[in-house]
>>> print(open('entry-v8.cif').read())   # mmCIF, C-alpha atoms
data_target
#
loop_
_atom_site.group_PDB
_atom_site.id
_atom_site.type_symbol
_atom_site.label_atom_id
_atom_site.label_comp_id
_atom_site.auth_asym_id
_atom_site.auth_seq_id
_atom_site.Cartn_x
_atom_site.Cartn_y
_atom_site.Cartn_z
ATOM 1 C CA MET A 1 88.464 114.929 71.627
ATOM 2 C CA ALA A 2 92.147 114.950 70.693
ATOM 3 C CA GLU A 3 94.457 113.320 73.185
ATOM 4 C CA GLU A 4 96.538 116.438 73.705
ATOM 5 C CA THR A 5 93.469 118.455 74.739
ATOM 6 C CA LEU A 6 92.315 116.032 77.431
ATOM 7 C CA ARG A 7 92.275 117.395 80.943
ATOM 8 C CA LEU A 8 93.075 114.695 83.457
ATOM 9 C CA GLY A 9 92.504 114.466 87.178
ATOM 10 C CA PHE A 10 94.343 112.108 89.487
ATOM 11 C CA ILE A 11 93.250 111.194 93.014
ATOM 12 C CA GLY A 12 95.344 108.861 95.150
ATOM 13 C CA LEU A 13 98.907 110.122 95.431
ATOM 14 C CA ASP A 14 100.715 107.246 97.092
ATOM 15 C CA PRO A 15 104.200 106.533 95.644
ATOM 16 C CA LEU A 16 102.729 104.615 92.706
ATOM 17 C CA GLY A 17 100.141 107.315 92.033
ATOM 18 C CA ARG A 18 102.771 110.030 92.108
ATOM 19 C CA ALA A 19 104.905 108.088 89.639
ATOM 20 C CA ILE A 20 101.972 107.730 87.238
ATOM 21 C CA VAL A 21 101.257 111.460 87.474
ATOM 22 C CA GLN A 22 104.903 112.208 86.703
ATOM 23 C CA ARG A 23 104.736 109.954 83.659
ATOM 24 C CA LEU A 24 101.560 111.660 82.412
ATOM 25 C CA LEU A 25 103.061 115.127 82.899
ATOM 26 C CA ALA A 26 106.219 114.090 81.056
ATOM 27 C CA HIS A 27 104.034 113.105 78.104
ATOM 28 C CA GLY A 28 102.405 116.505 77.917
ATOM 29 C CA TYR A 29 99.097 115.870 79.668
ATOM 30 C CA GLU A 30 97.481 118.495 81.869
ATOM 31 C CA VAL A 31 96.911 116.828 85.237
ATOM 32 C CA LEU A 32 94.885 118.212 88.160
ATOM 33 C CA VAL A 33 95.562 116.748 91.604
ATOM 34 C CA ALA A 34 94.308 117.086 95.180
ATOM 35 C CA ASP A 35 95.740 115.712 98.397
ATOM 36 C CA HIS A 36 95.701 116.762 102.051
ATOM 37 C CA ARG A 37 99.506 116.448 102.209
ATOM 38 C CA ARG A 38 100.780 119.792 101.038
ATOM 39 C CA GLU A 39 104.342 118.546 100.470
ATOM 40 C CA VAL A 40 103.110 115.879 98.061
ATOM 41 C CA VAL A 41 101.071 118.376 96.064
ATOM 42 C CA GLU A 42 103.886 120.935 95.960
ATOM 43 C CA ALA A 43 106.347 118.358 94.625
ATOM 44 C CA LEU A 44 103.979 117.577 91.731
ATOM 45 C CA GLU A 45 103.282 121.254 91.112
ATOM 46 C CA THR A 46 106.981 121.780 90.447
ATOM 47 C CA LEU A 47 106.627 119.212 87.641
ATOM 48 C CA GLY A 48 103.623 120.979 86.113
ATOM 49 C CA ALA A 49 100.595 119.525 87.905
ATOM 50 C CA ILE A 50 97.726 121.829 88.851
ATOM 51 C CA ALA A 51 96.593 121.529 92.464
ATOM 52 C CA LEU A 52 93.010 122.044 93.621
ATOM 53 C CA PRO A 53 91.751 122.010 97.231
ATOM 54 C CA THR A 54 89.579 118.867 97.092
ATOM 55 C CA PRO A 55 89.012 115.753 94.951
ATOM 56 C CA LEU A 56 85.459 116.875 94.192
ATOM 57 C CA LEU A 57 86.705 120.113 92.675
ATOM 58 C CA VAL A 58 89.103 118.083 90.545
ATOM 59 C CA ALA A 59 86.202 115.922 89.334
ATOM 60 C CA GLU A 60 84.280 119.003 88.184
ATOM 61 C CA GLU A 61 87.123 120.200 85.968
ATOM 62 C CA VAL A 62 88.337 117.121 84.095
ATOM 63 C CA ASP A 63 87.490 114.963 81.111
ATOM 64 C CA ILE A 64 89.032 111.837 82.627
ATOM 65 C CA LEU A 65 89.413 111.171 86.348
ATOM 66 C CA LEU A 66 92.035 108.583 87.298
ATOM 67 C CA THR A 67 91.890 107.134 90.804
ATOM 68 C CA LEU A 68 94.258 104.933 92.788
ATOM 69 C CA LEU A 69 92.732 104.555 96.228
ATOM 70 C CA ASP A 70 92.994 102.318 99.283
ATOM 71 C CA GLY A 71 90.263 99.806 98.521
ATOM 72 C CA ASP A 72 86.487 99.513 98.519
ATOM 73 C CA THR A 73 85.664 101.913 101.349
ATOM 74 C CA ALA A 74 87.737 104.711 99.830
ATOM 75 C CA LEU A 75 86.081 104.159 96.440
ATOM 76 C CA PHE A 76 82.584 104.421 97.898
ATOM 77 C CA GLU A 77 83.528 107.486 99.929
ATOM 78 C CA LEU A 78 84.825 109.293 96.856
ATOM 79 C CA PHE A 79 82.223 108.320 94.282
ATOM 80 C CA SER A 80 78.943 107.432 95.957
ATOM 81 C CA GLY A 81 76.107 109.512 97.335
ATOM 82 C CA PRO A 82 74.702 112.907 96.392
ATOM 83 C CA GLU A 83 77.980 114.597 97.279
ATOM 84 C CA GLY A 84 80.167 112.048 95.510
ATOM 85 C CA ALA A 85 82.458 112.520 92.550
ATOM 86 C CA LEU A 86 80.078 110.793 90.140
ATOM 87 C CA ASP A 87 77.658 113.687 90.576
ATOM 88 C CA ARG A 88 80.431 116.215 89.997
ATOM 89 C CA LEU A 89 81.695 114.734 86.729
ATOM 90 C CA ARG A 90 80.238 116.159 83.546
ATOM 91 C CA PRO A 91 78.157 113.833 81.307
ATOM 92 C CA GLY A 92 80.468 112.153 78.823
ATOM 93 C CA ALA A 93 83.398 112.140 81.252
ATOM 94 C CA MET A 94 85.299 108.984 82.083
ATOM 95 C CA VAL A 95 86.647 107.403 85.253
ATOM 96 C CA ILE A 96 89.697 105.129 85.040
ATOM 97 C CA ASP A 97 90.076 103.394 88.376
ATOM 98 C CA LEU A 98 93.464 101.802 89.076
ATOM 99 C CA THR A 99 92.573 100.681 92.604
ATOM 100 C CA SER A 100 92.836 97.137 93.943
ATOM 101 C CA ALA A 101 89.367 96.357 95.297
ATOM 102 C CA THR A 102 86.655 93.709 95.078
ATOM 103 C CA PRO A 103 84.841 93.191 91.764
ATOM 104 C CA MET A 104 81.398 93.720 93.306
ATOM 105 C CA THR A 105 82.298 97.273 94.289
ATOM 106 C CA MET A 106 83.350 98.112 90.762
ATOM 107 C CA GLN A 107 80.270 96.527 89.223
ATOM 108 C CA GLN A 108 78.011 98.680 91.412
ATOM 109 C CA LEU A 109 79.977 101.832 90.660
ATOM 110 C CA ALA A 110 79.793 101.060 86.927
ATOM 111 C CA VAL A 111 75.988 100.939 87.145
ATOM 112 C CA ASP A 112 75.873 104.204 89.096
ATOM 113 C CA ALA A 113 78.246 105.859 86.622
ATOM 114 C CA ALA A 114 76.216 104.768 83.587
ATOM 115 C CA LEU A 115 73.093 106.341 85.089
ATOM 116 C CA ARG A 116 74.972 109.656 85.120
ATOM 117 C CA GLY A 117 76.363 109.354 81.602
ATOM 118 C CA VAL A 118 79.881 108.583 82.840
ATOM 119 C CA ALA A 119 81.981 105.722 81.464
ATOM 120 C CA LEU A 120 83.827 103.722 84.081
ATOM 121 C CA VAL A 121 86.981 101.753 83.329
ATOM 122 C CA ASP A 122 88.149 99.145 85.826
ATOM 123 C CA ALA A 123 91.928 99.068 85.345
ATOM 124 C CA PRO A 124 93.954 97.943 88.385
ATOM 125 C CA VAL A 125 97.676 97.934 87.757
ATOM 126 C CA SER A 126 100.579 95.793 88.858
ATOM 127 C CA GLY A 127 104.118 97.043 89.321
ATOM 128 C CA ALA A 128 106.290 99.366 91.343
ATOM 129 C CA PRO A 129 106.692 103.163 91.064
ATOM 130 C CA ALA A 130 109.921 102.699 89.111
ATOM 131 C CA SER A 131 108.009 100.619 86.570
ATOM 132 C CA ALA A 132 105.405 103.366 86.246
ATOM 133 C CA LEU A 133 108.083 105.970 85.565
ATOM 134 C CA ARG A 134 109.343 103.775 82.709
ATOM 135 C CA GLY A 135 105.836 103.134 81.395
ATOM 136 C CA GLU A 136 106.084 99.424 82.194
ATOM 137 C CA LEU A 137 103.137 98.665 84.480
ATOM 138 C CA THR A 138 100.693 95.853 83.760
ATOM 139 C CA ALA A 139 97.031 96.856 83.497
ATOM 140 C CA MET A 140 94.094 94.456 83.785
ATOM 141 C CA VAL A 141 91.157 96.258 82.215
ATOM 142 C CA GLY A 142 87.454 95.684 82.723
ATOM 143 C CA ALA A 143 85.517 97.738 80.172
ATOM 144 C CA THR A 144 83.310 97.369 77.132
ATOM 145 C CA PRO A 145 85.297 96.896 73.912
ATOM 146 C CA GLU A 146 84.421 100.391 72.689
ATOM 147 C CA VAL A 147 85.429 102.105 75.938
ATOM 148 C CA PHE A 148 88.594 99.993 76.102
ATOM 149 C CA GLU A 149 89.690 101.251 72.684
ATOM 150 C CA ARG A 150 89.101 104.846 73.761
ATOM 151 C CA THR A 151 91.146 104.296 76.908
ATOM 152 C CA LEU A 152 94.055 102.423 75.371
ATOM 153 C CA PRO A 153 96.210 105.411 74.238
ATOM 154 C CA LEU A 154 96.169 106.874 77.741
ATOM 155 C CA LEU A 155 96.895 103.567 79.465
ATOM 156 C CA GLN A 156 99.824 103.018 77.118
ATOM 157 C CA VAL A 157 101.556 106.054 78.613
ATOM 158 C CA PHE A 158 102.256 104.238 81.892
ATOM 159 C CA ALA A 159 101.486 100.564 81.173
ATOM 160 C CA LYS A 160 103.345 98.277 78.797
ATOM 161 C CA SER A 161 101.232 95.131 79.170
ATOM 162 C CA ILE A 162 97.526 95.913 78.841
ATOM 163 C CA TYR A 163 94.833 93.259 78.789
ATOM 164 C CA ARG A 164 91.092 93.612 78.429
ATOM 165 C CA VAL A 165 89.771 90.834 80.676
ATOM 166 C CA GLY A 166 86.037 91.541 80.511
ATOM 167 C CA ASP A 167 83.557 94.155 81.652
ATOM 168 C CA PRO A 168 83.923 96.344 84.774
ATOM 169 C CA GLY A 169 84.641 94.178 87.799
ATOM 170 C CA MET A 170 86.715 91.633 85.926
ATOM 171 C CA GLY A 171 89.818 93.819 86.105
ATOM 172 C CA LYS A 172 89.532 93.801 89.885
ATOM 173 C CA LEU A 173 89.001 90.044 89.909
ATOM 174 C CA VAL A 174 92.023 89.274 87.755
ATOM 175 C CA LYS A 175 94.230 91.608 89.815
ATOM 176 C CA LEU A 176 93.229 89.804 93.010
ATOM 177 C CA LEU A 177 93.931 86.446 91.403
ATOM 178 C CA THR A 178 97.422 87.552 90.397
ATOM 179 C CA GLN A 179 98.004 88.669 93.984
ATOM 180 C CA LEU A 180 96.709 85.345 95.271
ATOM 181 C CA LEU A 181 99.260 83.552 93.104
ATOM 182 C CA THR A 182 102.039 85.907 94.189
ATOM 183 C CA GLY A 183 101.315 85.512 97.896
ATOM 184 C CA VAL A 184 101.028 81.745 97.801
ATOM 185 C CA SER A 185 104.164 81.471 95.655
ATOM 186 C CA LEU A 186 106.192 83.524 98.143
ATOM 187 C CA VAL A 187 105.125 81.186 100.951
ATOM 188 C CA VAL A 188 106.288 78.244 98.845
ATOM 189 C CA PHE A 189 109.608 79.989 98.160
ATOM 190 C CA GLY A 190 110.128 80.513 101.876
ATOM 191 C CA GLU A 191 109.280 76.901 102.629
ATOM 192 C CA ALA A 192 111.689 75.583 99.985
ATOM 193 C CA LEU A 193 114.528 77.857 101.112
ATOM 194 C CA ALA A 194 113.919 77.028 104.784
ATOM 195 C CA LEU A 195 113.995 73.305 104.097
ATOM 196 C CA ALA A 196 117.144 73.700 102.009
ATOM 197 C CA THR A 197 118.797 75.720 104.768
ATOM 198 C CA ARG A 198 117.962 73.099 107.390
ATOM 199 C CA ALA A 199 119.408 70.399 105.127
ATOM 200 C CA GLY A 200 122.627 72.356 104.572
ATOM 201 C CA ALA A 201 122.064 72.820 100.845
ATOM 202 C CA ASP A 202 123.849 75.404 98.711
ATOM 203 C CA LEU A 203 121.129 78.029 98.302
ATOM 204 C CA ASP A 204 122.858 79.671 95.356
ATOM 205 C CA ALA A 205 122.907 76.349 93.519
ATOM 206 C CA LEU A 206 119.255 75.771 94.379
ATOM 207 C CA ALA A 207 118.364 79.215 93.025
ATOM 208 C CA ASP A 208 120.141 78.462 89.748
ATOM 209 C CA VAL A 209 118.583 75.019 89.326
ATOM 210 C CA VAL A 210 115.037 76.216 89.981
ATOM 211 C CA ARG A 211 115.499 79.189 87.682
ATOM 212 C CA ALA A 212 116.473 76.798 84.871
ATOM 213 C CA SER A 213 113.701 74.291 85.619
ATOM 214 C CA THR A 214 109.978 74.194 84.988
ATOM 215 C CA GLY A 215 109.500 75.668 88.483
ATOM 216 C CA GLY A 216 111.474 78.786 87.659
ATOM 217 C CA TRP A 217 109.731 82.033 86.804
ATOM 218 C CA PRO A 218 110.572 85.740 87.169
ATOM 219 C CA LEU A 219 109.092 86.028 90.664
ATOM 220 C CA TRP A 220 111.403 83.263 91.911
ATOM 221 C CA HIS A 221 114.439 84.840 90.324
ATOM 222 C CA GLU A 222 113.941 88.388 91.620
ATOM 223 C CA SER A 223 112.734 87.322 95.058
ATOM 224 C CA VAL A 224 115.426 84.763 95.809
ATOM 225 C CA LEU A 225 118.272 86.988 94.667
ATOM 226 C CA TYR A 226 116.980 89.563 97.150
ATOM 227 C CA LEU A 227 116.438 87.044 99.947
ATOM 228 C CA LEU A 228 119.989 85.731 99.523
ATOM 229 C CA GLY A 229 121.439 89.245 99.621
ATOM 230 C CA GLN A 230 122.604 89.324 96.014
ATOM 231 C CA THR A 231 120.443 92.275 94.943
ATOM 232 C CA PRO A 232 118.604 95.214 96.534
ATOM 233 C CA ALA A 233 114.868 94.991 97.140
ATOM 234 C CA PRO A 234 113.158 93.983 93.890
ATOM 235 C CA GLU A 235 110.793 96.226 91.961
ATOM 236 C CA GLN A 236 107.640 94.461 93.060
ATOM 237 C CA GLU A 237 104.542 95.525 94.913
ATOM 238 C CA SER A 238 105.002 96.349 98.566
ATOM 239 C CA LEU A 239 104.261 93.911 101.340
ATOM 240 C CA ALA A 240 101.495 96.212 102.592
ATOM 241 C CA ARG A 241 99.743 96.325 99.210
ATOM 242 C CA LEU A 242 99.946 92.540 98.815
ATOM 243 C CA ARG A 243 98.625 92.064 102.361
ATOM 244 C CA HIS A 244 95.594 94.247 101.636
ATOM 245 C CA ASP A 245 94.892 92.379 98.403
ATOM 246 C CA LEU A 246 95.123 88.993 100.120
ATOM 247 C CA GLU A 247 92.578 90.226 102.652
ATOM 248 C CA ARG A 248 90.289 91.138 99.742
ATOM 249 C CA VAL A 249 90.796 87.640 98.301
ATOM 250 C CA LEU A 250 89.564 86.175 101.589
ATOM 251 C CA ARG A 251 86.468 88.402 101.520
ATOM 252 C CA LEU A 252 85.818 87.472 97.906
ATOM 253 C CA GLY A 253 86.113 83.774 98.743
ATOM 254 C CA ALA A 254 83.574 84.212 101.547
ATOM 255 C CA ASP A 255 81.187 86.137 99.260
ATOM 256 C CA LEU A 256 81.398 83.422 96.589
ATOM 257 C CA ASP A 257 81.337 80.531 99.086
ATOM 258 C CA CYS A 258 84.671 79.346 97.665
ATOM 259 C CA PRO A 259 87.392 78.101 100.057
ATOM 260 C CA VAL A 260 90.770 79.817 99.680
ATOM 261 C CA PRO A 261 92.936 78.082 102.311
ATOM 262 C CA LEU A 262 96.305 78.847 100.724
ATOM 263 C CA SER A 263 95.404 82.509 100.380
ATOM 264 C CA ALA A 264 94.537 82.543 104.074
ATOM 265 C CA LEU A 265 97.943 81.053 104.872
ATOM 266 C CA ALA A 266 99.746 83.649 102.749
ATOM 267 C CA TYR A 267 97.753 86.407 104.443
ATOM 268 C CA GLN A 268 98.753 85.174 107.901
ATOM 269 C CA PHE A 269 102.423 85.102 106.938
ATOM 270 C CA SER A 270 102.134 88.626 105.538
ATOM 271 C CA ILE A 271 100.881 89.751 108.946
ATOM 272 C CA SER A 272 103.642 87.911 110.828
ATOM 273 C CA SER A 273 106.428 89.183 108.588
ATOM 274 C CA GLY A 274 107.812 91.381 111.362
ATOM 275 C CA VAL A 275 108.595 94.164 108.882
ATOM 276 C CA ARG A 276 108.416 97.559 110.576
ATOM 277 C CA ASN A 277 107.323 99.457 107.496
ATOM 278 C CA PRO A 278 105.460 97.111 105.135
ATOM 279 C CA HIS A 279 104.741 100.036 102.786
ATOM 280 C CA LEU A 280 108.468 100.173 101.951
ATOM 281 C CA ALA A 281 109.279 96.458 102.157
ATOM 282 C CA PRO A 282 108.883 94.230 99.091
ATOM 283 C CA ALA A 283 106.314 91.464 99.085
ATOM 284 C CA ALA A 284 109.156 88.924 99.033
ATOM 285 C CA ASP A 285 109.599 89.443 102.769
ATOM 286 C CA ILE A 286 106.704 87.006 103.239
ATOM 287 C CA ALA A 287 109.285 84.279 102.566
ATOM 288 C CA ARG A 288 111.366 85.497 105.511
ATOM 289 C CA ALA A 289 108.346 85.071 107.788
ATOM 290 C CA VAL A 290 108.049 81.463 106.657
ATOM 291 C CA ALA A 291 111.741 80.936 107.427
ATOM 292 C CA ARG A 292 111.374 82.371 110.924
ATOM 293 C CA PHE A 293 108.451 80.032 111.520
ATOM 294 C CA ALA A 294 110.810 77.191 110.601
ATOM 295 C CA GLY A 295 113.476 78.553 112.961
ATOM 296 C CA VAL A 296 115.992 79.419 110.241
ATOM 297 C CA HIS A 297 117.235 82.522 108.475
ATOM 298 C CA PHE A 298 118.681 82.892 105.018
ATOM 299 C CA ALA A 299 122.409 83.502 105.338
ATOM 300 C CA ARG A 300 123.965 86.140 103.135
ATOM 301 C CA SER A 301 124.869 84.513 99.861
ATOM 302 C CA ALA A 302 128.508 83.642 99.312
ATOM 303 C CA ARG A 303 128.233 85.195 95.862
ATOM 304 C CA SER A 304 127.230 88.524 97.353
ATOM 305 C CA GLU A 305 130.511 88.569 99.271
ATOM 306 C CA VAL A 306 132.568 88.439 96.077
#
>>> encode(input="entry-v8.cif", output="structure tokens")
Amino acid sequence: MAEETLRLGFIGLDPLGRAIVQRLLAHGYEVLVADHRREVVEALETLGAIALPTPLLVAEEVDILLTLLDGDTALFELFSGPEGALDRLRPGAMVIDLTSATPMTMQQLAVDAALRGVALVDAPVSGAPASALRGELTAMVGATPEVFERTLPLLQVFAKSIYRVGDPGMGKLVKLLTQLLTGVSLVVFGEALALATRAGADLDALADVVRASTGGWPLWHESVLYLLGQTPAPEQESLARLRHDLERVLRLGADLDCPVPLSALAYQFSISSGVRNPHLAPAADIARAVARFAGVHFARSARSEV
């Protein structure tokens, strides 16, 4: 089937999902959507999306169903059972799931989908809505090589860095591991900045030195500039999304009988961040929670006053 004739469905219209839909529409795809929030649906309709009353009706009408949901429970509720979306999809259809969830959930859904003649692609993404609008997300794809090749042109519309990391389930695993590293790193950033503040160090100088050293990487640069007041909130995943993924890491560690003590620490700091709306706050605010625990706050950078 030619790419331009594909009929897509998209379920899961949080800010990132809406940005992906906008990107798909801008590239000429026909996209069907469903959401209980009428204002969200109407905004996408003005851009060319087609709205249907329920997700199950969307599933019946599309060649490829993309989903970006709120974890394992939401995935099972949508897809599983005799009234689930898997039974509504036509044989030969495909599901591309962008959700952050546990790998075991995706492995079970892949088996259920195969029994119904549906290909399932496990493709969680990393990045902010602004990155999606530019087509610059990162996708970690679990799929067979043949299905991956079929999926690649569509993923390339909204993702710039696309990696096949194994079969279904491995995309979810790799996404959780990247979130583990992000959460733990932000705790370390907060600890380093808190210690430097207590010692009276020049935080701007510290930021420059670390950025130029072996300990410097993009997450440090974008997070610290924000924490020191030099830049607006960075384009990174929200604190709420990181918190949910760290919780999934803890469950995965328990399922695999593998201790994850640093992940548990990062999760606790994400809870104690004190941010009123974690869905809008960047993940970097975990570092502020560490600073409060140390009894310090990061003063506005002298450079930001210039």
>>> closest_residue(input="entry-v8.cif", among="A:Asp63, A:Asp257, A:Asp285, A:Asp204", to="Leu228 (chain A)", atoms="all atoms listed in the file")
A:Asp204
>>> atom_distance(input="entry-v8.cif", atom1="CA of Val210 (chain A)", atom2="CA of Ala283 (chain A)")
19.8 Å
>>> resolve_selection(input="entry-v8.cif", expression="the PyMOL selection byres ((chain A and resi 84) around 12)", output="PyMOL selection string")
chain A and resi 54-60+74-83+85-89+109+112-113+116
>>> write_last_selection(input="entry-v8.cif", atoms="C-alpha atoms", output="mmCIF file, in the frame of the given file")
data_model
loop_
_atom_site.group_PDB
_atom_site.id
_atom_site.type_symbol
_atom_site.label_atom_id
_atom_site.label_comp_id
_atom_site.auth_asym_id
_atom_site.auth_seq_id
_atom_site.Cartn_x
_atom_site.Cartn_y
_atom_site.Cartn_z
ATOM 1 C CA THR A 54 89.579 118.867 97.092
ATOM 2 C CA PRO A 55 89.012 115.753 94.951
ATOM 3 C CA LEU A 56 85.459 116.875 94.192
ATOM 4 C CA LEU A 57 86.705 120.113 92.675
ATOM 5 C CA VAL A 58 89.103 118.083 90.545
ATOM 6 C CA ALA A 59 86.202 115.922 89.334
ATOM 7 C CA GLU A 60 84.280 119.003 88.184
ATOM 8 C CA ALA A 74 87.737 104.711 99.830
ATOM 9 C CA LEU A 75 86.081 104.159 96.440
ATOM 10 C CA PHE A 76 82.584 104.421 97.898
ATOM 11 C CA GLU A 77 83.528 107.486 99.929
ATOM 12 C CA LEU A 78 84.825 109.293 96.856
ATOM 13 C CA PHE A 79 82.223 108.320 94.282
ATOM 14 C CA SER A 80 78.943 107.432 95.957
ATOM 15 C CA GLY A 81 76.107 109.512 97.335
ATOM 16 C CA PRO A 82 74.702 112.907 96.392
ATOM 17 C CA GLU A 83 77.980 114.597 97.279
ATOM 18 C CA ALA A 85 82.458 112.520 92.550
ATOM 19 C CA LEU A 86 80.078 110.793 90.140
ATOM 20 C CA ASP A 87 77.658 113.687 90.576
ATOM 21 C CA ARG A 88 80.431 116.215 89.997
ATOM 22 C CA LEU A 89 81.695 114.734 86.729
ATOM 23 C CA LEU A 109 79.977 101.832 90.660
ATOM 24 C CA ASP A 112 75.873 104.204 89.096
ATOM 25 C CA ALA A 113 78.246 105.859 86.622
ATOM 26 C CA ARG A 116 74.972 109.656 85.120
#
>>> atom_distance(input="entry-v8.cif", atom1="CA of Gly166 (chain A)", atom2="CA of Gly183 (chain A)")
23.9 Å
>>> axis_aligned_box(input="entry-v8.cif", around="region 144-149 of chain A", padding_each_side="4 Å", output="lines of an AutoDock Vina configuration file")
center_x = 86.5
center_y = 99.5
center_z = 74.9
size_x = 14.4
size_y = 13.2
size_z = 12.4
>>> residues_around(input="entry-v8.cif", residues="Thr102 (chain A)", least_positions_apart="5", cutoff="7 Å", atoms="only C-alpha atoms", output="PyMOL selection string")
chain A and resi 72+172-173+248+252
>>> resolve_selection(input="entry-v8.cif", expression="the PyMOL selection byres ((chain A and resi 164) around 7)", output="ChimeraX atom specification")
/A:140-142,162-163,165-166
>>> closest_residue(input="entry-v8.cif", among="A:Leu177, A:Val95, A:Leu246, A:Ala212", to="Ala114 (chain A)", atoms="only C-alpha atoms")
A:Val95
>>> closest_atom_pairs(input="entry-v8.cif", of="region 33-97 of chain A", to="region 13-17 of chain A", cutoff="9 Å", atoms="only C-alpha atoms", output="JSON lines")
{"residue": "A:Val33", "atom": "CA", "partner": "A:Leu13", "partner_atom": "CA", "distance": 8.4}
{"residue": "A:Ala34", "atom": "CA", "partner": "A:Leu13", "partner_atom": "CA", "distance": 8.3}
{"residue": "A:Asp35", "atom": "CA", "partner": "A:Leu13", "partner_atom": "CA", "distance": 7.1}
{"residue": "A:Val40", "atom": "CA", "partner": "A:Leu13", "partner_atom": "CA", "distance": 7.6}
{"residue": "A:Val41", "atom": "CA", "partner": "A:Leu13", "partner_atom": "CA", "distance": 8.6}
{"residue": "A:Thr67", "atom": "CA", "partner": "A:Gly17", "partner_atom": "CA", "distance": 8.3}
{"residue": "A:Leu68", "atom": "CA", "partner": "A:Gly17", "partner_atom": "CA", "distance": 6.4}
{"residue": "A:Leu69", "atom": "CA", "partner": "A:Leu13", "partner_atom": "CA", "distance": 8.4}
>>> atom_distance(input="entry-v8.cif", atom1="CA of Ala264 (chain A)", atom2="CA of His297 (chain A)")
23.1 Å
>>> resolve_selection(input="entry-v8.cif", expression="the PyMOL selection byres ((chain A and resi 10) around 7)", output="number ranges by chain")
A: 8-9, 11-12, 31-33, 65-67
>>> write_last_selection(input="entry-v8.cif", atoms="C-alpha atoms", output="PDB file, in the coordinates of the input")
ATOM      1  CA  LEU A   8      93.075 114.695  83.457  1.00  0.00           C
ATOM      2  CA  GLY A   9      92.504 114.466  87.178  1.00  0.00           C
ATOM      3  CA  ILE A  11      93.250 111.194  93.014  1.00  0.00           C
ATOM      4  CA  GLY A  12      95.344 108.861  95.150  1.00  0.00           C
ATOM      5  CA  VAL A  31      96.911 116.828  85.237  1.00  0.00           C
ATOM      6  CA  LEU A  32      94.885 118.212  88.160  1.00  0.00           C
ATOM      7  CA  VAL A  33      95.562 116.748  91.604  1.00  0.00           C
ATOM      8  CA  LEU A  65      89.413 111.171  86.348  1.00  0.00           C
ATOM      9  CA  LEU A  66      92.035 108.583  87.298  1.00  0.00           C
ATOM     10  CA  THR A  67      91.890 107.134  90.804  1.00  0.00           C
TER      11      THR A  67
END
>>> residues_near_point(input="entry-v8.cif", point="(115.0, 88.6, 90.6)", cutoff="10 Å", atoms="all atoms listed in the file", output="PyMOL selection string")
chain A and resi 211+217-227+230-236
>>> closest_residue(input="entry-v8.cif", among="A:Thr214, A:Ser126, A:Ser161, A:Thr144", to="Val174 (chain A)", atoms="all atoms listed in the file")
A:Ser126
>>> closest_residue(input="entry-v8.cif", among="A:His27, A:Arg90, A:His244, A:Arg37", to="Pro278 (chain A)", atoms="all atoms listed in the file")
A:His244
>>> residues_near_point(input="entry-v8.cif", point="(101.8, 98.8, 88.6)", cutoff="12 Å", atoms="all atoms listed in the file", output="MDAnalysis selection string")
chainID A and resid 15:20 68 98:100 123:140 155 158:162 175 235:238 241
>>> closest_residue(input="entry-v8.cif", among="A:Ala93, A:Leu52, A:Leu256, A:Leu242", to="Ala119 (chain A)", atoms="only C-alpha atoms")
A:Ala93
>>> build_atoms(input="entry-v8.cif", residues="region 111-120 of chain A", atoms="N, CA and C atoms", output="mmCIF file, keeping the file's coordinate frame")
data_model
loop_
_atom_site.group_PDB
_atom_site.id
_atom_site.type_symbol
_atom_site.label_atom_id
_atom_site.label_comp_id
_atom_site.auth_asym_id
_atom_site.auth_seq_id
_atom_site.Cartn_x
_atom_site.Cartn_y
_atom_site.Cartn_z
ATOM 1 N N VAL A 111 77.421 100.689 87.337
ATOM 2 C CA VAL A 111 75.988 100.939 87.145
ATOM 3 C C VAL A 111 75.658 102.379 87.515
ATOM 4 N N ASP A 112 76.141 102.826 88.659
ATOM 5 C CA ASP A 112 75.873 104.204 89.096
ATOM 6 C C ASP A 112 76.434 105.218 88.102
ATOM 7 N N ALA A 113 77.632 104.937 87.573
ATOM 8 C CA ALA A 113 78.246 105.859 86.622
ATOM 9 C C ALA A 113 77.436 105.932 85.328
ATOM 10 N N ALA A 114 76.979 104.785 84.838
ATOM 11 C CA ALA A 114 76.216 104.768 83.587
ATOM 12 C C ALA A 114 74.937 105.587 83.711
ATOM 13 N N LEU A 115 74.309 105.563 84.875
ATOM 14 C CA LEU A 115 73.093 106.341 85.089
ATOM 15 C C LEU A 115 73.355 107.840 84.980
ATOM 16 N N ARG A 116 74.603 108.239 85.164
ATOM 17 C CA ARG A 116 74.972 109.656 85.120
ATOM 18 C C ARG A 116 75.684 110.019 83.818
ATOM 19 N N GLY A 117 75.718 109.085 82.874
ATOM 20 C CA GLY A 117 76.363 109.354 81.602
ATOM 21 C C GLY A 117 77.872 109.359 81.666
ATOM 22 N N VAL A 118 78.426 108.658 82.647
ATOM 23 C CA VAL A 118 79.881 108.583 82.840
ATOM 24 C C VAL A 118 80.344 107.170 82.538
ATOM 25 N N ALA A 119 81.392 107.030 81.748
ATOM 26 C CA ALA A 119 81.981 105.722 81.464
ATOM 27 C C ALA A 119 82.977 105.376 82.562
ATOM 28 N N LEU A 120 82.913 104.155 83.029
ATOM 29 C CA LEU A 120 83.827 103.722 84.081
ATOM 30 C C LEU A 120 84.700 102.587 83.574
#
